[in-house]
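Below is query_8.cif, which holds mmCIF, C-alpha atoms.
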```cif
data_structure
loop_
_atom_site.label_atom_id
_atom_site.label_comp_id
_atom_site.auth_asym_id
_atom_site.auth_seq_id
_atom_site.Cartn_x
_atom_site.Cartn_y
_atom_site.Cartn_z
CA MET A 1 17.98 7.10 -15.98
CA GLY A 2 19.88 3.83 -15.70
CA GLN A 3 19.20 0.47 -17.24
CA ARG A 4 15.80 -0.98 -16.28
CA VAL A 5 16.08 -3.93 -13.91
CA TYR A 6 13.58 -6.77 -14.36
CA THR A 7 12.34 -9.42 -11.97
CA PRO A 8 14.60 -12.46 -12.47
CA GLU A 9 12.97 -15.63 -13.87
CA ASN A 10 13.80 -17.64 -10.76
CA ILE A 11 14.27 -15.92 -7.43
CA THR A 12 16.02 -18.10 -4.88
CA GLU A 13 17.15 -15.46 -2.38
CA LEU A 14 16.36 -11.89 -1.42
CA GLY A 15 18.23 -9.06 0.22
CA PRO A 16 16.98 -7.88 3.63
CA ASP A 17 14.77 -5.13 2.14
CA ASP A 18 13.48 -7.14 -0.84
CA ILE A 19 9.90 -8.41 -1.17
CA PHE A 20 8.74 -11.29 -3.40
CA VAL A 21 5.37 -10.47 -5.01
CA PHE A 22 3.34 -13.50 -6.08
CA GLY A 23 -0.10 -14.53 -7.27
CA SER A 24 -2.23 -16.31 -4.72
CA ASN A 25 -5.76 -17.46 -4.08
CA LEU A 26 -8.06 -15.74 -1.59
CA GLU A 27 -7.89 -18.76 0.72
CA GLY A 28 -4.10 -18.43 0.99
CA ILE A 29 -3.40 -22.02 0.00
CA HIS A 30 0.15 -21.46 -1.24
CA ALA A 31 0.60 -24.91 -2.77
CA GLY A 32 1.97 -24.34 -6.28
CA GLY A 33 4.02 -22.08 -8.52
CA ALA A 34 5.40 -18.84 -7.13
CA ALA A 35 3.04 -19.10 -4.13
CA ARG A 36 4.79 -22.31 -3.08
CA VAL A 37 8.18 -20.58 -3.42
CA ALA A 38 6.85 -17.67 -1.34
CA ARG A 39 5.73 -20.08 1.40
CA LYS A 40 8.88 -22.23 1.40
CA LYS A 41 11.47 -19.43 1.10
CA PHE A 42 9.99 -15.99 1.80
CA GLY A 43 7.55 -16.27 4.72
CA ALA A 44 4.16 -16.49 2.99
CA ILE A 45 1.58 -17.67 5.52
CA MET A 46 -0.88 -20.48 4.75
CA GLY A 47 -4.41 -19.11 5.07
CA GLN A 48 -3.41 -15.52 4.20
CA GLY A 49 -4.29 -14.80 0.56
CA VAL A 50 -3.74 -11.04 0.41
CA GLY A 51 -1.00 -8.57 1.25
CA PRO A 52 2.36 -8.54 3.01
CA GLN A 53 3.61 -11.62 4.87
CA GLY A 54 7.24 -12.29 5.76
CA GLN A 55 9.36 -11.14 2.80
CA SER A 56 6.52 -11.67 0.37
CA TYR A 57 3.33 -10.00 -0.83
CA ALA A 58 0.27 -11.91 -2.09
CA ILE A 59 -1.96 -10.65 -4.90
CA PRO A 60 -5.03 -12.88 -5.41
CA THR A 61 -5.46 -14.01 -9.02
CA MET A 62 -7.75 -17.06 -8.76
CA GLN A 63 -11.15 -15.50 -7.95
CA GLY A 64 -12.44 -14.45 -11.36
CA GLY A 65 -11.44 -12.22 -14.23
CA ILE A 66 -9.00 -9.35 -14.68
CA GLU A 67 -11.37 -6.84 -13.09
CA THR A 68 -11.36 -8.86 -9.84
CA ILE A 69 -7.53 -8.73 -9.79
CA ARG A 70 -7.21 -4.98 -10.49
CA PRO A 71 -8.17 -3.71 -6.97
CA TYR A 72 -5.56 -5.99 -5.39
CA VAL A 73 -2.87 -4.77 -7.81
CA ASP A 74 -3.85 -1.16 -7.09
CA GLN A 75 -3.60 -1.88 -3.34
CA PHE A 76 -0.12 -3.33 -3.92
CA ILE A 77 1.00 -0.30 -5.97
CA ASP A 78 -0.20 2.06 -3.21
CA LEU A 79 1.76 0.08 -0.61
CA ALA A 80 4.90 -0.13 -2.79
CA SER A 81 4.89 3.64 -3.26
CA GLU A 82 4.71 4.12 0.53
CA TRP A 83 7.26 1.41 1.38
CA ASP A 84 9.91 3.05 -0.77
CA GLN A 85 12.77 1.61 1.30
CA ASN A 86 11.83 -1.86 -0.02
CA THR A 87 12.39 -3.33 -3.47
CA PHE A 88 9.47 -5.38 -4.78
CA TYR A 89 10.06 -8.22 -7.24
CA VAL A 90 6.78 -8.87 -9.05
CA THR A 91 6.54 -12.36 -10.54
CA ARG A 92 4.34 -13.11 -13.57
CA ILE A 93 1.29 -13.15 -11.32
CA GLY A 94 -1.78 -14.78 -12.83
CA CYS A 95 0.17 -16.19 -15.78
CA GLY A 96 0.70 -19.69 -14.39
CA ILE A 97 -1.95 -21.70 -12.60
CA ALA A 98 -4.54 -18.88 -12.85
CA GLY A 99 -4.29 -19.10 -16.66
CA PHE A 100 -4.12 -15.45 -17.71
CA THR A 101 -1.74 -14.15 -20.37
CA ASP A 102 0.98 -11.54 -19.90
CA GLU A 103 -1.06 -9.27 -22.23
CA GLU A 104 -4.02 -9.45 -19.82
CA ILE A 105 -2.06 -8.91 -16.58
CA ALA A 106 0.75 -6.50 -17.55
CA PRO A 107 -1.49 -3.41 -18.08
CA LEU A 108 -2.65 -3.69 -14.46
CA PHE A 109 0.93 -2.78 -13.46
CA ASP A 110 1.21 0.34 -15.64
CA LYS A 111 1.46 2.64 -12.59
CA ALA A 112 4.04 0.34 -10.98
CA TYR A 113 6.24 0.63 -14.09
CA ASP A 114 7.24 4.16 -13.01
CA LEU A 115 8.11 3.26 -9.40
CA TYR A 116 11.87 3.00 -8.91
CA ASN A 117 11.48 0.30 -6.23
CA VAL A 118 9.28 -2.11 -8.23
CA ARG A 119 10.82 -4.70 -10.54
CA LEU A 120 8.50 -6.20 -13.13
CA PRO A 121 8.98 -9.21 -15.39
CA LYS A 122 10.57 -8.27 -18.72
CA SER A 123 7.45 -9.46 -20.58
CA PHE A 124 5.24 -7.09 -18.52
CA CYS A 125 7.58 -4.15 -19.20
CA GLU A 126 7.62 -4.82 -22.95
CA ILE A 127 3.81 -4.87 -23.06
CA ILE A 128 3.49 -1.67 -20.97
CA GLU A 129 6.07 0.08 -23.19
CA ARG A 130 4.25 -1.06 -26.34
CA ASN A 131 0.89 0.09 -24.94
CA ARG A 132 2.28 3.49 -23.96
CA GLY A 133 3.89 4.01 -27.36
CA ASN A 134 0.85 2.90 -29.32
CA THR A 135 -1.81 5.62 -29.00
CA LYS A 136 -4.11 4.26 -31.72
CA LYS A 137 -5.86 0.93 -31.52
#
```

What would the structure in this file look like if it were written as structure tokens?
Amino acid sequence: MGQRVYTPENITELGPDDIFVFGSNLEGIHAGGAARVARKKFGAIMGQGVGPQGQSYAIPTMQGGIETIRPYVDQFIDLASEWDQNTFYVTRIGCGIAGFTDEEIAPLFDKAYDLYNVRLPKSFCEIIERNRGNTKK
């Protein structure tokens, strides 16, 4: 297997089959952080807080704790495995305005780690790798 490719820190452009994955709120008010970038550059739609829109995909992170985010991440992973002609660039969802840590969010993406068409932030990958290698707590 080749070198793992991570989501770049700052994404300013995408190829035609690339999708920008960002954290949102359920109301779809894409006013700050990666959500603002998604709205300004990649077709995120104001008022749409979940799922694919333009060249972006919204995962709500502002409605509660980790367990309220998990079903939306699982929904994303299911879609990414079906849309295998696309490459998904997952930003550090939930780690900005929503206030979660990488250690809290990264494990939600464990299944996405194995998908060849999903790029995760380097910090998420390092945490997933550490969790997989560490069998005792």

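Take CA of Gln53 in chain A and CA of Gly28 in chain A: the distance between them is 11.0 Å.
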
**Request:** Extract, using all atoms listed in the file, all DNA, RNA and protein residues at most 12 Å from Val90 in chain A, discarding same-chain residues fewer than 2 positions from it, and format them as a PyMOL selection string.
**Result:** chain A and resi 5-11+18-23+34-35+38+56-59+73+76-77+80+87-88+92-95+105-106+109+112-113+117-125

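Of note, CA of Asp74 in chain A and CA of Pro107 in chain A are spaced 11.5 Å apart.
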
**Message:** (0.9, -27.9, -0.4) in this file's frame - what residues fall within 12 Å of it? Use only C-alpha atoms and give the answer as a PyMOL selection string.
**Reply:** chain A and resi 28-33+35-40+45-47

**Message:** Starting from the PyMOL selection byres ((chain A and resi 63) around 10), expand the selection into actual residues of this file and give them as a PyMOL selection string.
**Reply:** chain A and resi 24-27+60-62+64-66+68-69+98

Kindly reconstruct range 17-32 of chain A with N, CA, C and O atoms and present the result as an mmCIF file, in the frame of the given file.
```cif
data_model
loop_
_atom_site.group_PDB
_atom_site.id
_atom_site.type_symbol
_atom_site.label_atom_id
_atom_site.label_comp_id
_atom_site.auth_asym_id
_atom_site.auth_seq_id
_atom_site.Cartn_x
_atom_site.Cartn_y
_atom_site.Cartn_z
ATOM 1 N N ASP A 17 15.858 -6.070 2.405
ATOM 2 C CA ASP A 17 14.770 -5.130 2.140
ATOM 3 C C ASP A 17 13.951 -5.498 0.894
ATOM 4 O O ASP A 17 13.155 -4.688 0.416
ATOM 5 N N ASP A 18 14.171 -6.702 0.372
ATOM 6 C CA ASP A 18 13.480 -7.140 -0.840
ATOM 7 C C ASP A 18 12.196 -7.890 -0.485
ATOM 8 O O ASP A 18 12.132 -8.589 0.525
ATOM 9 N N ILE A 19 11.193 -7.746 -1.356
ATOM 10 C CA ILE A 19 9.900 -8.410 -1.170
ATOM 11 C C ILE A 19 9.539 -9.141 -2.457
ATOM 12 O O ILE A 19 9.598 -8.567 -3.549
ATOM 13 N N PHE A 20 9.145 -10.403 -2.304
ATOM 14 C CA PHE A 20 8.740 -11.290 -3.400
ATOM 15 C C PHE A 20 7.230 -11.159 -3.578
ATOM 16 O O PHE A 20 6.471 -11.442 -2.656
ATOM 17 N N VAL A 21 6.789 -10.697 -4.755
ATOM 18 C CA VAL A 21 5.370 -10.470 -5.010
ATOM 19 C C VAL A 21 4.848 -11.606 -5.887
ATOM 20 O O VAL A 21 5.364 -11.842 -6.977
ATOM 21 N N PHE A 22 3.819 -12.305 -5.390
ATOM 22 C CA PHE A 22 3.340 -13.500 -6.080
ATOM 23 C C PHE A 22 1.826 -13.529 -6.185
ATOM 24 O O PHE A 22 1.126 -12.851 -5.431
ATOM 25 N N GLY A 23 1.337 -14.319 -7.126
ATOM 26 C CA GLY A 23 -0.100 -14.530 -7.270
ATOM 27 C C GLY A 23 -0.556 -15.600 -6.304
ATOM 28 O O GLY A 23 0.126 -16.601 -6.108
ATOM 29 N N SER A 24 -1.716 -15.360 -5.698
ATOM 30 C CA SER A 24 -2.230 -16.310 -4.720
ATOM 31 C C SER A 24 -3.711 -16.564 -4.977
ATOM 32 O O SER A 24 -4.280 -16.059 -5.940
ATOM 33 N N ASN A 25 -4.311 -17.336 -4.087
ATOM 34 C CA ASN A 25 -5.760 -17.460 -4.080
ATOM 35 C C ASN A 25 -6.255 -16.824 -2.786
ATOM 36 O O ASN A 25 -5.492 -16.661 -1.840
ATOM 37 N N LEU A 26 -7.519 -16.461 -2.759
ATOM 38 C CA LEU A 26 -8.060 -15.740 -1.590
ATOM 39 C C LEU A 26 -7.955 -16.565 -0.314
ATOM 40 O O LEU A 26 -7.822 -16.011 0.771
ATOM 41 N N GLU A 27 -7.980 -17.888 -0.446
ATOM 42 C CA GLU A 27 -7.890 -18.760 0.720
ATOM 43 C C GLU A 27 -6.471 -18.833 1.287
ATOM 44 O O GLU A 27 -6.271 -19.326 2.394
ATOM 45 N N GLY A 28 -5.487 -18.387 0.520
ATOM 46 C CA GLY A 28 -4.100 -18.430 0.990
ATOM 47 C C GLY A 28 -3.522 -19.828 1.022
ATOM 48 O O GLY A 28 -2.671 -20.136 1.853
ATOM 49 N N ILE A 29 -3.972 -20.677 0.098
ATOM 50 C CA ILE A 29 -3.400 -22.020 0.000
ATOM 51 C C ILE A 29 -2.228 -21.924 -0.976
ATOM 52 O O ILE A 29 -2.409 -21.998 -2.188
ATOM 53 N N HIS A 30 -1.047 -21.713 -0.432
ATOM 54 C CA HIS A 30 0.150 -21.460 -1.240
ATOM 55 C C HIS A 30 0.821 -22.777 -1.616
ATOM 56 O O HIS A 30 1.895 -23.106 -1.129
ATOM 57 N N ALA A 31 0.158 -23.536 -2.502
ATOM 58 C CA ALA A 31 0.600 -24.910 -2.770
ATOM 59 C C ALA A 31 1.437 -25.047 -4.045
ATOM 60 O O ALA A 31 2.221 -25.975 -4.158
ATOM 61 N N GLY A 32 1.274 -24.147 -5.016
ATOM 62 C CA GLY A 32 1.970 -24.340 -6.280
ATOM 63 C C GLY A 32 2.573 -23.060 -6.820
ATOM 64 O O GLY A 32 2.284 -21.962 -6.350
#
```
